[in-house]
Amino acid sequence: MSDRFDANALANSLAYQMEPMRGVDGLTTRTREIPRPGPNQVVVRVRAASIDRRDLMLMAGTYPVPAEPGVVPLVSGAGEVVALGDGVTRAALGDRVTSTYFLGWIDGPQTQALSWRQYGANHDGWLAEHIVLEEDSVVHVPAHLTDAEAATLTCAGLVAWAGLTKPVAVGAGQTVLTVGSGVVGLFAVQHAKMLGARVVSITSSADKAERLRKLGADEVVNRTRTPDWEQAVLDLTDGLGADHVIDAVGPLTLPKSIAAAAYNAQVTLIGAFPGPPGQPSADPLGGKYLAIRRVAVGSRTDFEAMNRAIAEHGARPVIDQVFPFDRAVDAFRHFTGGDPFGKVVITMP
């Protein structure tokens with residue numbers, strides 16, 4: 001084993017832990033020894049972490065995979081490799097890295113078994129001064145990104161990328177519709193522009209509309225002013241509809257997303273917001289030939305492909321606000337009640 005721990009640093013490391021079913025009130029801190037890596041593991045000194053909606057679902061007990069009591073939360077983060085276990089070849093001391101969402105999903109189709117093991121759920125996550133990663137989970141971050149920016153990629157960035165590139169990637173000149181201006185929607189706008197698409201975005205306010213345009217959206221429809229936004233999308237595409245739809249809201253907006261989609265379009269449902277009760281039992285596709293799928297983030301191979309594109313285009317994730325480590329609870333409360341535009345990030349001392 002090799003390491004580059006600071007000889008003057010304290011022997012202990014601080015971490016947050018969560019108790020499922022208690023929400024943010026179940027988030028507390030604990031002091032532990034700085035972890036040491038086992039074979040084929042690395043220890044990372046965490047520089048920044050960010051909050052995803054799935055983290056709140058884990059705290060509330062509404063996520064499909066239950067959280068382990070006392071687990072360190074957050075699946076998205078970035079830092080510096082400070083210790084290597086025996087046999088590690090995919091990382092070196094000093095590397096700036098993040099991690100995969102799932103443990104063990106390297107490439108190919110996901111299986112139910114691969115979907116179960118997740119950082120921040122049943123393996124300690126990034127809301128700590130140090131994290132232990134399996135070597136196969138290590139992903140190097142684009143060099144031009146700050147630590148805070150790099151800490152946003154694992155969940156929201158990658159799920160948007162997978163939605164636009166699999167099973168068939170968006171092509172130059174196609175129209176992508178993004179529904180919702182949460183972090184997944186923002187990444188979808190950026191990724192779609194990198195892939196050469198025309199982007200039409202749906203949002204809820206004039207301020208967000210302007211910010212989406214600055215991010216790269218070619219057209220923005222304010223759903224508050226235009227409740228029948230699906231018709232507006234059809235009008236903007238000469239009646240043809242969007243070739244790809246990234247619905248980052250969920251069942252609540254799915255009927256309109258379908259109505260705004262082109263013949264033989266691809267509709268990717270990413271959002272986890274619940275739909276209204278009493279959904280009609282009629283054909284939800286409205287008679288159209290299109291594919292609707294749910295995506296579970298992506299593999300390590302997907303992650304590395306996204307990072308190459310981000311590096312090539314010099315893209316930067318959108319950050320709403322940064323909180324220090326000792327104000328992590330405030331960060332969660334801002335995420336839930338502050339209507340953030342972009343990622344909420346927590347930085348370490």
# chains A, B, ... in the order shown; residues from 1 in each chain; ligands from 1
call {"tool": "select_by_dssp", "arguments": {"residues": "segment 91-184 of chain A", "states": "helix (DSSP H, G or I)", "output": "list in words"}}
result
Gln112, Ala113, Leu114, Ser115, Trp116, Glu135, Asp136, Ser137, Asp147, Ala148, Glu149, Ala150, Leu153, Thr154, Cys155, Ala156, Gly157, Leu158, Val159, Ala160, Trp161, Ala162, Gly163, Leu164, Thr165, Val183 and Val184 of chain A
call {"tool": "residues_around", "arguments": {"residues": "Asp52 of chain A", "least_positions_apart": "5", "cutoff": "10 Å", "atoms": "only C-alpha atoms", "output": "list in words"}}
result
Met57, Leu74, Val75, Ser76, Thr152, Thr154, Cys155, Ala156, Val183, Val184, Phe332, Phe335, Lys343, Val344 and Val345 of chain A
call {"tool": "write_last_selection", "arguments": {"atoms": "N, CA and C atoms", "output": "compact mmCIF listing (two decimals), in the first residue's frame"}}
result
# COMPACT_ATOMS: atom_id res chain seq x y z
N MET A 57 -34.51 11.27 -1.51
CA MET A 57 -35.38 10.10 -1.53
C MET A 57 -34.85 9.02 -0.60
N LEU A 74 -24.56 10.87 -0.21
CA LEU A 74 -24.16 11.56 -1.44
C LEU A 74 -23.36 10.64 -2.37
N VAL A 75 -23.84 10.58 -3.62
CA VAL A 75 -23.22 9.75 -4.64
C VAL A 75 -22.31 10.57 -5.54
N SER A 76 -22.40 11.90 -5.48
CA SER A 76 -21.64 12.76 -6.39
C SER A 76 -20.58 13.53 -5.62
N THR A 152 -20.23 17.46 -9.63
CA THR A 152 -21.63 17.47 -10.07
C THR A 152 -21.96 16.39 -11.09
N THR A 154 -21.56 12.81 -11.45
CA THR A 154 -21.85 11.38 -11.31
C THR A 154 -23.30 11.02 -11.56
N CYS A 155 -24.22 11.79 -11.04
CA CYS A 155 -25.64 11.45 -11.16
C CYS A 155 -26.32 12.27 -12.25
N ALA A 156 -26.54 13.55 -12.00
CA ALA A 156 -27.30 14.39 -12.93
C ALA A 156 -26.63 14.50 -14.30
N VAL A 183 -31.35 20.17 -12.41
CA VAL A 183 -29.97 19.95 -12.86
C VAL A 183 -29.88 18.97 -14.01
N VAL A 184 -30.74 17.95 -14.05
CA VAL A 184 -30.72 17.01 -15.18
C VAL A 184 -31.09 17.73 -16.47
N PHE A 332 -28.76 21.10 2.24
CA PHE A 332 -29.92 20.27 1.97
C PHE A 332 -31.20 21.08 2.03
N PHE A 335 -31.54 23.10 -1.04
CA PHE A 335 -31.88 22.24 -2.17
C PHE A 335 -33.38 21.97 -2.20
N LYS A 343 -26.57 22.94 -9.60
CA LYS A 343 -26.22 22.04 -8.51
C LYS A 343 -25.95 22.81 -7.22
N VAL A 344 -26.33 22.16 -6.11
CA VAL A 344 -25.97 22.65 -4.77
C VAL A 344 -24.77 21.82 -4.32
N VAL A 345 -23.66 22.49 -4.05
CA VAL A 345 -22.39 21.84 -3.80
C VAL A 345 -21.93 22.13 -2.36
call {"tool": "closest_residue", "arguments": {"among": "A:Leu93, A:Pro324, A:Arg316, A:Gly171", "to": "Pro349 of chain A", "atoms": "only C-alpha atoms"}}
result
A:Pro324
call {"tool": "residues_around", "arguments": {"residues": "Gly271 of chain A", "least_positions_apart": "5", "cutoff": "7 Å", "atoms": "only C-alpha atoms", "output": "PyMOL selection string"}}
result
chain A and resi 247-250
call {"tool": "write_last_selection", "arguments": {"atoms": "all heavy atoms", "output": "PDB file, in the first residue's frame"}}
result
ATOM      1  N   ASP A 247     -37.392  14.005 -20.541  1.00  0.00           N
ATOM      2  CA  ASP A 247     -38.399  14.445 -19.580  1.00  0.00           C
ATOM      3  C   ASP A 247     -37.833  14.262 -18.182  1.00  0.00           C
ATOM      4  O   ASP A 247     -37.790  13.147 -17.648  1.00  0.00           O
ATOM      5  CB  ASP A 247     -39.693  13.646 -19.757  1.00  0.00           C
ATOM      6  CG  ASP A 247     -40.842  14.232 -18.953  1.00  0.00           C
ATOM      7  OD1 ASP A 247     -40.589  14.697 -17.830  1.00  0.00           O
ATOM      8  OD2 ASP A 247     -41.984  14.218 -19.429  1.00  0.00           O
ATOM      9  N   ALA A 248     -37.401  15.372 -17.590  1.00  0.00           N
ATOM     10  CA  ALA A 248     -36.774  15.338 -16.267  1.00  0.00           C
ATOM     11  C   ALA A 248     -37.770  15.664 -15.159  1.00  0.00           C
ATOM     12  O   ALA A 248     -37.365  15.990 -14.047  1.00  0.00           O
ATOM     13  CB  ALA A 248     -35.594  16.313 -16.215  1.00  0.00           C
ATOM     14  N   VAL A 249     -39.053  15.575 -15.471  1.00  0.00           N
ATOM     15  CA  VAL A 249     -40.092  15.770 -14.456  1.00  0.00           C
ATOM     16  C   VAL A 249     -40.727  14.445 -14.082  1.00  0.00           C
ATOM     17  O   VAL A 249     -40.715  14.041 -12.929  1.00  0.00           O
ATOM     18  CB  VAL A 249     -41.157  16.778 -14.944  1.00  0.00           C
ATOM     19  CG1 VAL A 249     -42.269  16.924 -13.917  1.00  0.00           C
ATOM     20  CG2 VAL A 249     -40.511  18.127 -15.225  1.00  0.00           C
ATOM     21  N   GLY A 250     -41.271  13.718 -15.063  1.00  0.00           N
ATOM     22  CA  GLY A 250     -41.808  12.409 -14.763  1.00  0.00           C
ATOM     23  C   GLY A 250     -43.200  12.192 -15.307  1.00  0.00           C
ATOM     24  O   GLY A 250     -43.622  12.845 -16.278  1.00  0.00           O
TER      25      GLY A 250
END
call {"tool": "select_by_dssp", "arguments": {"residues": "segment 7-188 of chain A", "states": "strand (DSSP E or B)", "output": "PyMOL selection string"}}
result
chain A and resi 12-18+27-33+41-50+76-84+96-99+102+118-119+123+128+130-134+138-140+175-179
call {"tool": "atom_distance", "arguments": {"atom1": "atom CA of Gln17 of chain A", "atom2": "atom CA of Val141 of chain A"}}
result
25.7 Å
call {"tool": "closest_residue", "arguments": {"among": "A:Thr347, A:Lys214, A:Thr224, A:Ala242", "to": "Arg198 of chain A", "atoms": "only C-alpha atoms"}}
result
A:Ala242
call {"tool": "residues_around", "arguments": {"residues": "Pro66 of chain A", "least_positions_apart": "6", "cutoff": "10 Å", "atoms": "only C-alpha atoms", "output": "PDB file with all heavy atoms, in the first residue's frame"}}
result
ATOM      1  N   PRO A  20     -32.177   6.633   7.777  1.00  0.00           N
ATOM      2  CA  PRO A  20     -33.312   6.622   6.845  1.00  0.00           C
ATOM      3  C   PRO A  20     -34.630   6.906   7.557  1.00  0.00           C
ATOM      4  O   PRO A  20     -34.794   6.631   8.743  1.00  0.00           O
ATOM      5  CB  PRO A  20     -33.283   5.193   6.283  1.00  0.00           C
ATOM      6  CG  PRO A  20     -31.880   4.724   6.501  1.00  0.00           C
ATOM      7  CD  PRO A  20     -31.421   5.387   7.755  1.00  0.00           C
ATOM      8  N   MET A  21     -35.555   7.452   6.798  1.00  0.00           N
ATOM      9  CA  MET A  21     -36.915   7.770   7.236  1.00  0.00           C
ATOM     10  C   MET A  21     -36.997   9.028   8.093  1.00  0.00           C
ATOM     11  O   MET A  21     -38.071   9.416   8.537  1.00  0.00           O
ATOM     12  CB  MET A  21     -37.554   6.601   8.006  1.00  0.00           C
ATOM     13  CG  MET A  21     -37.449   5.261   7.316  1.00  0.00           C
ATOM     14  SD  MET A  21     -38.243   5.253   5.676  1.00  0.00           S
ATOM     15  CE  MET A  21     -39.942   5.457   6.146  1.00  0.00           C
ATOM     16  N   MET A  57     -34.513  11.272  -1.514  1.00  0.00           N
ATOM     17  CA  MET A  57     -35.385  10.105  -1.527  1.00  0.00           C
ATOM     18  C   MET A  57     -34.851   9.018  -0.601  1.00  0.00           C
ATOM     19  O   MET A  57     -35.630   8.347   0.105  1.00  0.00           O
ATOM     20  CB  MET A  57     -35.519   9.576  -2.956  1.00  0.00           C
ATOM     21  CG  MET A  57     -36.192  10.560  -3.911  1.00  0.00           C
ATOM     22  SD  MET A  57     -36.146  10.012  -5.641  1.00  0.00           S
ATOM     23  CE  MET A  57     -37.243   8.599  -5.587  1.00  0.00           C
ATOM     24  N   LEU A  58     -33.537   8.848  -0.563  1.00  0.00           N
ATOM     25  CA  LEU A  58     -32.947   7.884   0.362  1.00  0.00           C
ATOM     26  C   LEU A  58     -33.219   8.271   1.807  1.00  0.00           C
ATOM     27  O   LEU A  58     -33.541   7.428   2.644  1.00  0.00           O
ATOM     28  CB  LEU A  58     -31.436   7.785   0.116  1.00  0.00           C
ATOM     29  CG  LEU A  58     -31.008   6.935  -1.076  1.00  0.00           C
ATOM     30  CD1 LEU A  58     -29.589   7.273  -1.496  1.00  0.00           C
ATOM     31  CD2 LEU A  58     -31.121   5.447  -0.730  1.00  0.00           C
ATOM     32  N   MET A  59     -33.092   9.556   2.107  1.00  0.00           N
ATOM     33  CA  MET A  59     -33.345  10.018   3.466  1.00  0.00           C
ATOM     34  C   MET A  59     -34.804   9.825   3.865  1.00  0.00           C
ATOM     35  O   MET A  59     -35.117   9.564   5.032  1.00  0.00           O
ATOM     36  CB  MET A  59     -32.965  11.493   3.591  1.00  0.00           C
ATOM     37  CG  MET A  59     -31.479  11.754   3.528  1.00  0.00           C
ATOM     38  SD  MET A  59     -31.140  13.523   3.667  1.00  0.00           S
ATOM     39  CE  MET A  59     -29.356  13.510   3.830  1.00  0.00           C
ATOM     40  N   ALA A  60     -35.705   9.959   2.886  1.00  0.00           N
ATOM     41  CA  ALA A  60     -37.131   9.853   3.164  1.00  0.00           C
ATOM     42  C   ALA A  60     -37.647   8.419   3.095  1.00  0.00           C
ATOM     43  O   ALA A  60     -38.789   8.151   3.455  1.00  0.00           O
ATOM     44  CB  ALA A  60     -37.913  10.728   2.186  1.00  0.00           C
ATOM     45  N   TRP A 116     -28.090  -2.642  -7.510  1.00  0.00           N
ATOM     46  CA  TRP A 116     -28.332  -2.628  -6.060  1.00  0.00           C
ATOM     47  C   TRP A 116     -27.223  -1.919  -5.296  1.00  0.00           C
ATOM     48  O   TRP A 116     -27.481  -1.220  -4.312  1.00  0.00           O
ATOM     49  CB  TRP A 116     -28.489  -4.060  -5.559  1.00  0.00           C
ATOM     50  CG  TRP A 116     -28.949  -4.115  -4.128  1.00  0.00           C
ATOM     51  CD1 TRP A 116     -28.190  -4.347  -3.022  1.00  0.00           C
ATOM     52  CD2 TRP A 116     -30.283  -3.917  -3.652  1.00  0.00           C
ATOM     53  NE1 TRP A 116     -28.955  -4.313  -1.888  1.00  0.00           N
ATOM     54  CE2 TRP A 116     -30.256  -4.049  -2.244  1.00  0.00           C
ATOM     55  CE3 TRP A 116     -31.495  -3.629  -4.266  1.00  0.00           C
ATOM     56  CZ2 TRP A 116     -31.402  -3.909  -1.457  1.00  0.00           C
ATOM     57  CZ3 TRP A 116     -32.628  -3.502  -3.486  1.00  0.00           C
ATOM     58  CH2 TRP A 116     -32.572  -3.630  -2.110  1.00  0.00           C
ATOM     59  N   ALA A 121     -25.776   4.941  -0.530  1.00  0.00           N
ATOM     60  CA  ALA A 121     -26.993   4.190  -0.203  1.00  0.00           C
ATOM     61  C   ALA A 121     -26.644   3.006   0.694  1.00  0.00           C
ATOM     62  O   ALA A 121     -27.042   2.953   1.858  1.00  0.00           O
ATOM     63  CB  ALA A 121     -27.698   3.715  -1.466  1.00  0.00           C
ATOM     64  N   ASN A 122     -25.891   2.060   0.151  1.00  0.00           N
ATOM     65  CA  ASN A 122     -25.433   0.928   0.961  1.00  0.00           C
ATOM     66  C   ASN A 122     -23.914   0.814   0.989  1.00  0.00           C
ATOM     67  O   ASN A 122     -23.371  -0.157   1.509  1.00  0.00           O
ATOM     68  CB  ASN A 122     -26.082  -0.381   0.486  1.00  0.00           C
ATOM     69  CG  ASN A 122     -26.134  -0.491  -1.025  1.00  0.00           C
ATOM     70  OD1 ASN A 122     -25.193  -0.098  -1.712  1.00  0.00           O
ATOM     71  ND2 ASN A 122     -27.236  -1.000  -1.561  1.00  0.00           N
TER      72      ASN A 122
END
call {"tool": "closest_atom_pairs", "arguments": {"of": "segment 221-266 of chain A", "to": "segment 172-175 of chain A", "cutoff": "9 Å", "atoms": "only C-alpha atoms", "output": "Markdown table"}}
result
| residue | atom | partner | partner_atom | distance |
| --- | --- | --- | --- | --- |
| A:Thr237 | CA | A:Thr175 | CA | 8.1 |
| A:Gly241 | CA | A:Thr175 | CA | 8.1 |
| A:Ala242 | CA | A:Thr175 | CA | 5.1 |
| A:Asp243 | CA | A:Thr175 | CA | 5.3 |
| A:His244 | CA | A:Thr175 | CA | 6.5 |
| A:Val245 | CA | A:Thr175 | CA | 8.6 |
